[in-house]
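Source file: entry_26.cif. Holds: mmCIF, C-alpha atoms and all ligand atoms.
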```
data_final
loop_
_atom_site.label_atom_id
_atom_site.label_comp_id
_atom_site.auth_asym_id
_atom_site.auth_seq_id
_atom_site.Cartn_x
_atom_site.Cartn_y
_atom_site.Cartn_z
CA MET A 1 7.38 -13.30 15.01
CA GLU A 2 5.82 -12.28 18.29
CA ASP A 3 2.07 -12.50 18.40
CA ASN A 4 0.56 -9.92 16.08
CA ILE A 5 3.63 -7.68 15.99
CA ILE A 6 5.85 -6.96 13.02
CA HIS A 7 9.23 -5.27 13.20
CA ILE A 8 10.38 -2.72 10.67
CA ASN A 9 14.00 -1.58 10.69
CA VAL A 10 14.29 2.02 9.45
CA THR A 11 17.50 3.86 8.55
CA ASP A 12 17.00 7.61 8.23
CA ARG A 13 18.87 9.93 5.86
CA ASP A 14 21.38 10.77 8.61
CA GLY A 15 22.19 7.08 9.16
CA SER A 16 20.27 6.74 12.42
CA VAL A 17 18.56 3.38 12.78
CA GLN A 18 15.36 2.58 14.61
CA ASN A 19 13.38 -0.62 15.06
CA ILE A 20 9.66 0.03 14.88
CA GLU A 21 7.12 -2.45 16.18
CA ILE A 22 3.60 -2.31 14.84
CA PRO A 23 0.52 -4.50 15.18
CA THR A 24 -0.09 -6.67 12.14
CA ASP A 25 -3.60 -5.31 11.80
CA VAL A 26 -2.48 -1.67 11.63
CA ASN A 27 -3.51 -1.52 7.97
CA MET A 28 -1.11 1.27 7.01
CA SER A 29 1.16 1.87 4.09
CA LEU A 30 4.84 2.17 4.90
CA MET A 31 4.62 5.89 4.05
CA GLU A 32 1.83 6.39 6.60
CA LEU A 33 3.83 4.48 9.17
CA LEU A 34 6.95 6.61 8.61
CA LYS A 35 4.93 9.81 8.92
CA ALA A 36 3.25 8.53 12.08
CA TRP A 37 6.72 7.98 13.54
CA ASP A 38 7.72 11.56 12.64
CA TYR A 39 10.11 10.77 9.83
CA ASN A 40 10.49 13.64 7.41
CA ILE A 41 8.41 12.32 4.54
CA LEU A 42 6.39 15.00 2.79
CA ALA A 43 4.09 12.71 0.81
CA THR A 44 2.74 15.73 -1.03
CA CYS A 45 0.65 13.58 -3.37
CA GLY A 46 -1.04 11.85 -0.45
CA GLY A 47 0.11 8.39 -1.47
CA MET A 48 -0.81 8.42 -5.16
CA ALA A 49 2.68 7.52 -6.47
CA LEU A 50 2.97 11.00 -7.98
CA CYS A 51 5.53 12.91 -5.90
CA ALA A 52 8.30 10.40 -5.03
CA THR A 53 8.97 12.15 -1.70
CA CYS A 54 8.46 8.74 -0.07
CA HIS A 55 11.34 7.11 -1.98
CA ILE A 56 13.02 4.35 0.02
CA GLN A 57 15.53 1.58 -0.55
CA VAL A 58 14.57 -1.90 0.61
CA LEU A 59 17.56 -3.40 2.41
CA ARG A 60 15.90 -6.68 3.44
CA GLY A 61 12.55 -8.33 2.78
CA ALA A 62 11.83 -7.12 -0.75
CA GLU A 63 10.62 -10.60 -1.68
CA ASN A 64 7.71 -10.22 0.73
CA LEU A 65 6.46 -6.91 -0.66
CA ASN A 66 3.76 -6.46 -3.25
CA GLU A 67 5.05 -6.00 -6.78
CA PRO A 68 5.34 -2.40 -8.00
CA GLY A 69 2.57 -1.20 -10.28
CA ASP A 70 3.03 0.78 -13.50
CA MET A 71 2.53 4.16 -11.81
CA GLU A 72 5.17 3.38 -9.20
CA LEU A 73 7.63 2.16 -11.81
CA ASP A 74 7.04 5.24 -13.98
CA MET A 75 7.65 7.56 -11.03
CA LEU A 76 10.76 5.69 -9.92
CA ASP A 77 12.10 6.05 -13.46
CA THR A 78 12.14 9.83 -13.02
CA LEU A 79 14.45 9.73 -9.99
CA PRO A 80 18.18 10.33 -10.42
CA ASP A 81 19.11 8.09 -7.49
CA VAL A 82 16.91 5.10 -8.31
CA THR A 83 18.34 1.61 -7.77
CA ASP A 84 17.04 -1.96 -8.02
CA GLN A 85 16.07 -1.65 -4.35
CA SER A 86 14.02 1.51 -4.81
CA ARG A 87 10.34 1.61 -3.91
CA LEU A 88 7.75 4.22 -3.08
CA ALA A 89 6.73 3.72 0.54
CA CYS A 90 3.17 4.82 -0.16
CA GLN A 91 2.69 1.80 -2.41
CA LEU A 92 3.71 -0.73 0.22
CA ARG A 93 0.98 -2.23 2.41
CA LEU A 94 2.34 -3.84 5.53
CA GLY A 95 1.21 -7.20 6.85
CA ASN A 96 2.45 -10.31 8.69
CA GLU A 97 4.72 -11.28 5.84
CA ASN A 98 6.69 -8.04 6.25
CA ASP A 99 8.13 -8.89 9.66
CA ASN A 100 11.83 -7.89 9.72
CA LEU A 101 11.53 -5.61 6.71
CA SER A 102 14.53 -3.27 6.59
CA ILE A 103 14.43 0.00 4.66
CA GLN A 104 16.44 3.17 4.18
CA ILE A 105 14.82 6.54 3.57
CA GLU A 106 16.13 8.15 0.39
CA GLY A 107 16.39 11.64 -1.03
CA SER A 108 18.07 14.62 0.57
CA LEU A 109 16.20 16.53 3.22
CA ALA A 110 16.56 19.66 1.08
CA ASP A 111 14.85 17.91 -1.83
CA ASN A 112 12.06 16.83 0.41
CA LEU A 113 11.56 20.29 1.87
CA SER A 114 11.56 22.21 -1.41
S1 LIG A 201 3.53 9.85 -1.20
FE1 LIG A 201 3.77 10.69 -3.16
S2 LIG A 201 4.74 9.11 -4.24
FE2 LIG A 201 4.49 8.26 -2.29
#
```

Just give me the structure as structure tokens.
Amino acid sequence: MEDNIIHINVTDRDGSVQNIEIPTDVNMSLMELLKAWDYNILATCGGMALCATCHIQVLRGAENLNEPGDMELDMLDTLPDVTDQSRLACQLRLGNENDNLSIQIEGSLADNLS
């Protein structure tokens, strides 16, 4: 890890891949980070684990993420396309240990825009 920088690998719904570098002290959730980088994440609930528009799959680095809470698990249970790798980006706080995290944004654009 470079000094105070973590790298997040993001695959968008269309398959495009981008490596994002952020300072370790940015103190953002992954949802906030994706929105800041103009990914199409509605986050209509504002990060309360209530809308699931921030659904992602964790491709690498899941072992370094905080465990999902009951609200996140309950919301994930409602999704038709949930997998063992599913998380809600709003529930993921990023820190040093998340260097080289790799995620894929889930859900169709149409779902997210409705
Ligand atoms: S922003 Fe609503 S569940 Fe994550």

Distance filter 10 Å around ligand LIG 201 (chain A), atoms: all atoms listed in the file, out as a ChimeraX atom specification: /A:29-32,41-56,71-72,75-76,87-92

Residue nearest A:Ile5 among A:Leu59, A:Asp81, A:Asn96, A:Glu67 (counting only C-alpha atoms): A:Asn96

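The gap separating atom CA of A:Leu65 from atom CA of A:Leu94 is 8.0 Å, in Å to one decimal.
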
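Ranking A:Gln57, A:Asn27, A:Asn40, A:Thr78 by their shortest atom-to-atom distance to A:Asn9, with only C-alpha atoms included, puts A:Gln57 first.
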
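Atom CA of A:Ala62 to atom CA of A:Leu101 spans 7.6 Å [interatomic distance, one decimal].
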
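Reported to one decimal place, the separation of atom CA of A:Ile20 from atom CA of A:Leu33 is 9.3 Å.
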